[in-house]
Each structure stands twice: as structure tokens, then as C-alpha cells.
Amino acid sequence: MVPSAIRAADGVVLDAVLHLPAGDHPRGAVVQAHGINADMDEGGMFGRLADGLAGEGFGVLRFSFRGHGRSDGTQQGATIAGEILDLQAALCAAVKGFEAPVSVVAASFGAVPTCLSLPHLGGTLRSVVLWNPVLDLHRTFVEPTLPWAVENFGPPQQALLASQGFFSVEGTFEVGRVLFEEIRRYRPADGFVGSRMPALVVHGDRDSAVPYDIARAAADVRVSCDFHTVHGSDHGFDSREHEDEAIAVTVSWLTEHGG
């Protein structure tokens with residue numbers, strides 16, 4: 001594991017880590033994109049996934065989006081547009097650093113900049129894996145129906161945007177006005193469904209934050225898409241057993257499709 005740093009096109013410096021592949025030449029490279037109130041560790045899962053992929057010959061780049069972890073920027077200043085720039089910089093660094101076909105593993109909100117970027121990445125990306133992906137921002141956050149989303153993004157939280165300019169998600173991440181306005185406008189599912197590169201979606205069927213049925217429906221109509229249900233799992237894969245299942249399925253699938 002090698003500490004690193006990436007500079008986005010607007011000058012923001014992102015904290016990053018490289019996991020070097022086993023063997024002399026990487027069979028592929030993987031960039032990991034984390035969720036809204038996480039960082040490059042994704043609760044420990046991204047490190048374990050990176051180690052598993054490195055053992056199979058993949059080079060892996062983990063990074064924290066702006067306003068997250070040790071990267072530049074503030075939480076209230078974080079935007080989807082900025083995360084698209086961050087992902088672009090991470091992909092360029094992976095291409096340059098590993099000189100191998102690149103795939104993305106995106107968790108939860110990390111699917112938003114990833115899917116919005118897919119129409120422009122056909123010549124760069126080999127494949128994409130989405131964990132519990134946010135594909136419909138309106139149903140997930142603007143008019144939420146699931147318990148976690150109602151608590152953290154419901155009307156009382158949204159009212160705070162007018163009174164103080166931000167609200168807090170689980171007391172760990174502050175969503176600002178600009179980010180929430182973007183949430184009202186962007187449609188990541190369109191980028192995902194319209195793409196033809198090989199894809200895998202891994203989703204728990206007891207997700208209390210991001211609707212399982214939206215991901216299932218998108219996968220059903222998309223070409224070149226596999227879907228794996230982690231039965232009984234909440235958002236983020238809520239036990240070590242569920243985490244291990246998601247990691248094992250991802251490593252196996254990328255070994256087949258990401259090299």
C-alpha cells in the first residue's frame with residue numbers, strides 16, 4: 001500500500017492510496033469511489049476489497065472525494081460536479097500508474113459521479129461495479145420513503161438549507177445548498193442504463209437507505225449487466241458475513257471482466 005495524492009482539474013488535491021498488484025504486470029486496474037458520508041476506506045470494506053484484488057493481480061487506487069477524509073475542500077462545499085472532476089483525476093492516475101484496463105467499483109453515492117461520467121468514459125473504462133447504488137436521486141433523497149433517508153434527508157432536514165445553509169447526515173457529513181440543488185437535477189440512472197460496458201450491481205434486499213427495487217429495475221433493462229442480491233442485508237452490507245459476500249462476488253466478477 002503506497003500513499004499518494006491526486007490533483008483534480010480545478011486544483012483540488014485528493015488523498016489517495018495505491019495497492020500494487022501481485023506479479024510483475026497488472027492484469028487490470030480498479031478505482032474505488034466511496035459513499036457520501038464515508039472516505040476512501042468505505043468503513044473498511046474498500047481496503048479489504050483492494051487487498052483481495054491486488055492478490056489477483058489488479059492494481060487498485062483508493063481515494064477520498066473532495067471534502068471527505070484528508071482530501072482538500074469542505075463538506076458544505078462538496079458538489080456532484082466536483083466529484084466528477086475527482087473521479088476523472090483518479091481514473092487518469094490509474095491509467096498512468098498501472099498501464100492496464102481500468103474498472104470502477106462505486107459504493108452508494110459514489111455511483112452518482114460514476115454513472116454520470118459513463119457516457120464519456122467508453123474509451124477509458126473496461127467495466128463498472130456498483131454497490132447499493134444511488135441511481136434515482138429524487139426518490140432516494142428529495143422525496144425519500146425509506147427510514148434512513150427520511151431521517152437524514154426528509155422535510156425537517158431540507159428546511160435547514162433555508163435557515164442555515166446545510167444539514168448534517170448522521171452527524172458526520174454536512175450537505176450544502178449547492179449539492180442538494182444538484183440532487184434535484186441530476187439523473188444518474190440515465191447514464192448507467194445507456195452504457196453498454198459490462199456491469200455488476202450488488203445490492204442488499206433489506207436496504208433502508210437506497211431503494212433496492214430501483215437498482216433491480218435498472219439492471220433488468222440494461223444490456224451487459226449482472227445483478228447479485230445480498231439477501232437480508234441493509235445498506236452498506238450490515239454484517240461481516242454480508243461484507244465478505246459482496247467483496248468475494250466483486251473480486252470474482254472483476255477477475256472475469258476487468259482484465
# chains A, B, ... in the order shown; residues from 1 in each chain; ligands from 1
>>> residues_around(residues="Arg216 (chain A)", least_positions_apart="5", cutoff="12 Å", atoms="only C-alpha atoms", output="compact mmCIF listing (two decimals) with N, CA and C atoms, in the first residue's frame")
# COMPACT_ATOMS: atom_id res chain seq x y z
N LEU A 130 -21.23 -1.58 -9.10
CA LEU A 130 -21.95 -0.67 -8.22
C LEU A 130 -22.47 -1.42 -7.00
N TRP A 131 -22.14 -0.90 -5.81
CA TRP A 131 -22.63 -1.46 -4.56
C TRP A 131 -23.76 -0.57 -4.03
N ASN A 132 -24.94 -1.14 -3.83
CA ASN A 132 -26.07 -0.39 -3.26
C ASN A 132 -26.18 1.00 -3.90
N PRO A 133 -26.25 1.09 -5.24
CA PRO A 133 -26.05 2.38 -5.90
C PRO A 133 -27.23 3.34 -5.79
N VAL A 134 -26.92 4.62 -5.65
CA VAL A 134 -27.92 5.67 -5.77
C VAL A 134 -28.09 5.96 -7.26
N LEU A 135 -29.20 5.53 -7.82
CA LEU A 135 -29.48 5.74 -9.25
C LEU A 135 -30.61 6.74 -9.47
N ALA A 189 -29.25 7.40 -13.31
CA ALA A 189 -29.74 6.15 -13.93
C ALA A 189 -29.66 6.21 -15.45
N VAL A 193 -28.00 3.14 -17.48
CA VAL A 193 -28.79 2.30 -18.39
C VAL A 193 -28.32 2.47 -19.83
N LEU A 200 -21.77 -4.87 -13.03
CA LEU A 200 -22.29 -5.71 -11.95
C LEU A 200 -22.90 -4.81 -10.90
N VAL A 201 -24.10 -5.13 -10.45
CA VAL A 201 -24.73 -4.43 -9.33
C VAL A 201 -24.86 -5.41 -8.17
N VAL A 202 -24.39 -4.99 -6.99
CA VAL A 202 -24.51 -5.79 -5.77
C VAL A 202 -25.34 -4.99 -4.79
N HIS A 203 -26.46 -5.54 -4.33
CA HIS A 203 -27.37 -4.74 -3.52
C HIS A 203 -28.05 -5.62 -2.47
N GLY A 204 -28.13 -5.12 -1.25
CA GLY A 204 -28.87 -5.80 -0.20
C GLY A 204 -30.36 -5.59 -0.38
N ASP A 205 -31.16 -6.65 -0.18
CA ASP A 205 -32.60 -6.53 -0.40
C ASP A 205 -33.35 -6.03 0.82
N VAL A 210 -31.24 3.21 0.38
CA VAL A 210 -31.30 3.35 -1.08
C VAL A 210 -32.20 2.24 -1.63
N PRO A 211 -33.24 2.58 -2.39
CA PRO A 211 -34.22 1.57 -2.82
C PRO A 211 -33.61 0.45 -3.66
N VAL A 221 -33.18 -3.78 -17.31
CA VAL A 221 -33.36 -3.20 -18.65
C VAL A 221 -32.03 -2.87 -19.32
N ARG A 222 -30.94 -2.98 -18.59
CA ARG A 222 -29.64 -2.61 -19.14
C ARG A 222 -28.98 -3.83 -19.80
N CYS A 225 -25.36 -6.53 -18.02
CA CYS A 225 -25.40 -6.23 -16.59
C CYS A 225 -25.77 -7.47 -15.78
N ASP A 226 -24.92 -7.80 -14.81
CA ASP A 226 -25.22 -8.86 -13.85
C ASP A 226 -25.69 -8.23 -12.55
N PHE A 227 -26.51 -8.97 -11.82
CA PHE A 227 -27.06 -8.45 -10.55
C PHE A 227 -26.91 -9.52 -9.48
N HIS A 228 -26.39 -9.11 -8.34
CA HIS A 228 -26.25 -10.04 -7.22
C HIS A 228 -26.96 -9.46 -6.00
N THR A 229 -27.90 -10.21 -5.46
CA THR A 229 -28.61 -9.81 -4.25
C THR A 229 -27.92 -10.38 -3.02
>>> residues_around(residues="region 34-48 of chain A", least_positions_apart="4", cutoff="7 Å", atoms="only C-alpha atoms", output="PDB file with N, CA and C atoms, in the first residue's frame")
ATOM      1  N   GLY A  52      -7.844  -7.970  -1.734  1.00  0.00           N
ATOM      2  CA  GLY A  52      -8.274  -9.140  -2.494  1.00  0.00           C
ATOM      3  C   GLY A  52      -7.992  -8.987  -3.973  1.00  0.00           C
ATOM      4  N   ARG A  62      -7.419   3.764  -4.322  1.00  0.00           N
ATOM      5  CA  ARG A  62      -8.470   4.277  -3.443  1.00  0.00           C
ATOM      6  C   ARG A  62      -8.228   5.766  -3.233  1.00  0.00           C
ATOM      7  N   PHE A  63      -9.287   6.557  -3.189  1.00  0.00           N
ATOM      8  CA  PHE A  63      -9.130   7.997  -2.947  1.00  0.00           C
ATOM      9  C   PHE A  63     -10.349   8.527  -2.205  1.00  0.00           C
ATOM     10  N   SER A  64     -10.170   9.656  -1.553  1.00  0.00           N
ATOM     11  CA  SER A  64     -11.280  10.345  -0.886  1.00  0.00           C
ATOM     12  C   SER A  64     -11.720  11.527  -1.739  1.00  0.00           C
ATOM     13  N   HIS A  68     -13.950  15.133   1.901  1.00  0.00           N
ATOM     14  CA  HIS A  68     -14.023  13.873   2.637  1.00  0.00           C
ATOM     15  C   HIS A  68     -12.617  13.452   3.063  1.00  0.00           C
ATOM     16  N   GLY A  69     -12.543  12.759   4.188  1.00  0.00           N
ATOM     17  CA  GLY A  69     -11.261  12.253   4.646  1.00  0.00           C
ATOM     18  C   GLY A  69     -10.216  13.359   4.743  1.00  0.00           C
ATOM     19  N   ALA A 106     -17.957   1.452  -7.337  1.00  0.00           N
ATOM     20  CA  ALA A 106     -18.562   2.621  -6.706  1.00  0.00           C
ATOM     21  C   ALA A 106     -19.608   2.181  -5.697  1.00  0.00           C
ATOM     22  N   ALA A 107     -19.529   2.730  -4.492  1.00  0.00           N
ATOM     23  CA  ALA A 107     -20.460   2.385  -3.418  1.00  0.00           C
ATOM     24  C   ALA A 107     -21.452   3.521  -3.194  1.00  0.00           C
ATOM     25  N   SER A 108     -22.731   3.197  -3.124  1.00  0.00           N
ATOM     26  CA  SER A 108     -23.773   4.119  -2.716  1.00  0.00           C
ATOM     27  C   SER A 108     -23.729   5.411  -3.542  1.00  0.00           C
ATOM     28  N   PHE A 109     -23.473   6.566  -2.896  1.00  0.00           N
ATOM     29  CA  PHE A 109     -23.468   7.851  -3.604  1.00  0.00           C
ATOM     30  C   PHE A 109     -22.318   7.945  -4.599  1.00  0.00           C
ATOM     31  N   GLY A 110     -21.285   7.125  -4.419  1.00  0.00           N
ATOM     32  CA  GLY A 110     -20.199   7.106  -5.392  1.00  0.00           C
ATOM     33  C   GLY A 110     -20.671   6.696  -6.772  1.00  0.00           C
ATOM     34  N   THR A 172     -22.164  13.253  10.500  1.00  0.00           N
ATOM     35  CA  THR A 172     -20.802  13.041  10.002  1.00  0.00           C
ATOM     36  C   THR A 172     -20.504  13.788   8.712  1.00  0.00           C
ATOM     37  N   PHE A 173     -21.537  14.189   7.955  1.00  0.00           N
ATOM     38  CA  PHE A 173     -21.290  14.899   6.703  1.00  0.00           C
ATOM     39  C   PHE A 173     -22.345  15.984   6.513  1.00  0.00           C
TER      40      PHE A 173
END
>>> residues_around(residues="region 98-105 of chain A", least_positions_apart="2", cutoff="8 Å", atoms="only C-alpha atoms", output="PyMOL selection string")
chain A and resi 26-33+59+91+94-96+107+114+124-131+258-259
>>> closest_residue(among="A:Leu137, A:Leu146, A:Val251, A:Val17", to="Val2 (chain A)", atoms="only C-alpha atoms")
A:Val17
>>> residues_around(residues="Gly11 (chain A)", least_positions_apart="4", cutoff="12 Å", atoms="only C-alpha atoms", output="ChimeraX atom specification")
/A:5-7,66,71-73,82,85-86,89
>>> select_by_dssp(residues="region 4-98 of chain A", states="strand (DSSP E or B)", output="PyMOL selection string")
chain A and resi 4-7+13-19+28-33+58-63
>>> closest_residue(among="A:Asp10, A:Asp136, A:Glu56, A:Asp15", to="Ser252 (chain A)", atoms="only C-alpha atoms")
A:Glu56
>>> closest_residue(among="A:Ser4, A:Ala54, A:Leu116, A:Pro198", to="Glu256 (chain A)", atoms="only C-alpha atoms")
A:Pro198
>>> residues_around(residues="Val142 (chain A)", least_positions_apart="6", cutoff="8 Å", atoms="only C-alpha atoms", output="list in words")
Phe153, Gly154, Ile183 and Arg184 of chain A
>>> write_last_selection(atoms="C-alpha atoms", output="PDB file, in the first residue's frame")
ATOM      1  CA  PHE A 153     -32.947  13.921   4.072  1.00  0.00           C
ATOM      2  CA  GLY A 154     -36.632  14.449   4.937  1.00  0.00           C
ATOM      3  CA  ILE A 183     -29.501  16.282  -6.286  1.00  0.00           C
ATOM      4  CA  ARG A 184     -32.753  17.760  -7.592  1.00  0.00           C
TER       5      ARG A 184
END
>>> closest_residue(among="A:Ala209, A:Val112, A:Leu254, A:Ala78", to="Arg185 (chain A)", atoms="only C-alpha atoms")
A:Val112
>>> residues_around(residues="Asp207 (chain A)", least_positions_apart="4", cutoff="7 Å", atoms="only C-alpha atoms", output="ChimeraX atom specification")
/A:211-212,233-235
>>> write_last_selection(atoms="C-alpha atoms", output="PDB file, in the first residue's frame")
ATOM      1  CA  PRO A 211     -34.216   1.571  -2.823  1.00  0.00           C
ATOM      2  CA  TYR A 212     -33.335  -1.961  -3.914  1.00  0.00           C
ATOM      3  CA  SER A 233     -28.585  -7.128   4.043  1.00  0.00           C
ATOM      4  CA  ASP A 234     -29.184  -3.476   4.872  1.00  0.00           C
ATOM      5  CA  HIS A 235     -27.311  -0.594   3.229  1.00  0.00           C
TER       6      HIS A 235
END
>>> decode(residues="region 104-160 of chain A", atoms="C-alpha atoms", output="CSV table (one decimal), in the first residue's frame")
chain,number,residue,atom,x,y,z
A,104,VAL,CA,-14.5,1.3,-11.2
A,105,VAL,CA,-16.1,0.0,-8.0
A,106,ALA,CA,-18.6,2.6,-6.7
A,107,ALA,CA,-20.5,2.4,-3.4
A,108,SER,CA,-23.8,4.1,-2.7
A,109,PHE,CA,-23.5,7.9,-3.6
A,110,GLY,CA,-20.2,7.1,-5.4
A,111,ALA,CA,-22.4,5.7,-8.1
A,112,VAL,CA,-23.7,9.2,-8.9
A,113,PRO,CA,-20.5,10.7,-10.3
A,114,THR,CA,-19.6,7.3,-11.8
A,115,CYS,CA,-22.9,6.9,-13.7
A,116,LEU,CA,-23.0,10.5,-14.8
A,117,SER,CA,-19.5,10.0,-16.3
A,118,LEU,CA,-20.2,6.7,-18.1
A,119,PRO,CA,-21.3,8.4,-21.4
A,120,HIS,CA,-17.8,10.0,-21.6
A,121,LEU,CA,-15.7,7.0,-20.5
A,122,GLY,CA,-16.3,4.4,-23.1
A,123,GLY,CA,-12.7,4.6,-24.2
A,124,THR,CA,-11.3,4.5,-20.7
A,125,LEU,CA,-13.3,2.1,-18.7
A,126,ARG,CA,-13.4,-1.7,-19.1
A,127,SER,CA,-16.2,-2.4,-16.6
A,128,VAL,CA,-18.1,-1.0,-13.6
A,129,VAL,CA,-19.3,-2.5,-10.3
A,130,LEU,CA,-22.0,-0.7,-8.2
A,131,TRP,CA,-22.6,-1.5,-4.6
A,132,ASN,CA,-26.1,-0.4,-3.3
A,133,PRO,CA,-26.0,2.4,-5.9
A,134,VAL,CA,-27.9,5.7,-5.8
A,135,LEU,CA,-29.5,5.7,-9.2
A,136,ASP,CA,-32.6,7.9,-8.6
A,137,LEU,CA,-31.6,10.9,-6.6
A,138,HIS,CA,-35.2,12.2,-6.4
A,139,ARG,CA,-36.7,9.1,-4.9
A,140,THR,CA,-33.8,8.5,-2.7
A,141,PHE,CA,-33.2,12.0,-1.2
A,142,VAL,CA,-35.7,14.7,-2.4
A,143,GLU,CA,-38.9,12.7,-1.6
A,144,PRO,CA,-37.4,9.8,0.4
A,145,THR,CA,-39.6,6.9,1.6
A,146,LEU,CA,-37.0,4.6,3.3
A,147,PRO,CA,-36.4,5.0,7.0
A,148,TRP,CA,-32.7,6.2,6.9
A,149,ALA,CA,-33.3,8.5,4.0
A,150,VAL,CA,-36.4,10.1,5.7
A,151,GLU,CA,-34.5,10.7,8.9
A,152,ASN,CA,-31.5,12.2,7.2
A,153,PHE,CA,-32.9,13.9,4.1
A,154,GLY,CA,-36.6,14.4,4.9
A,155,PRO,CA,-38.5,17.8,5.1
A,156,PRO,CA,-37.1,18.9,8.5
A,157,GLN,CA,-33.6,18.4,7.2
A,158,GLN,CA,-34.3,20.1,3.9
A,159,ALA,CA,-35.8,23.1,5.8
A,160,LEU,CA,-32.4,23.6,7.4
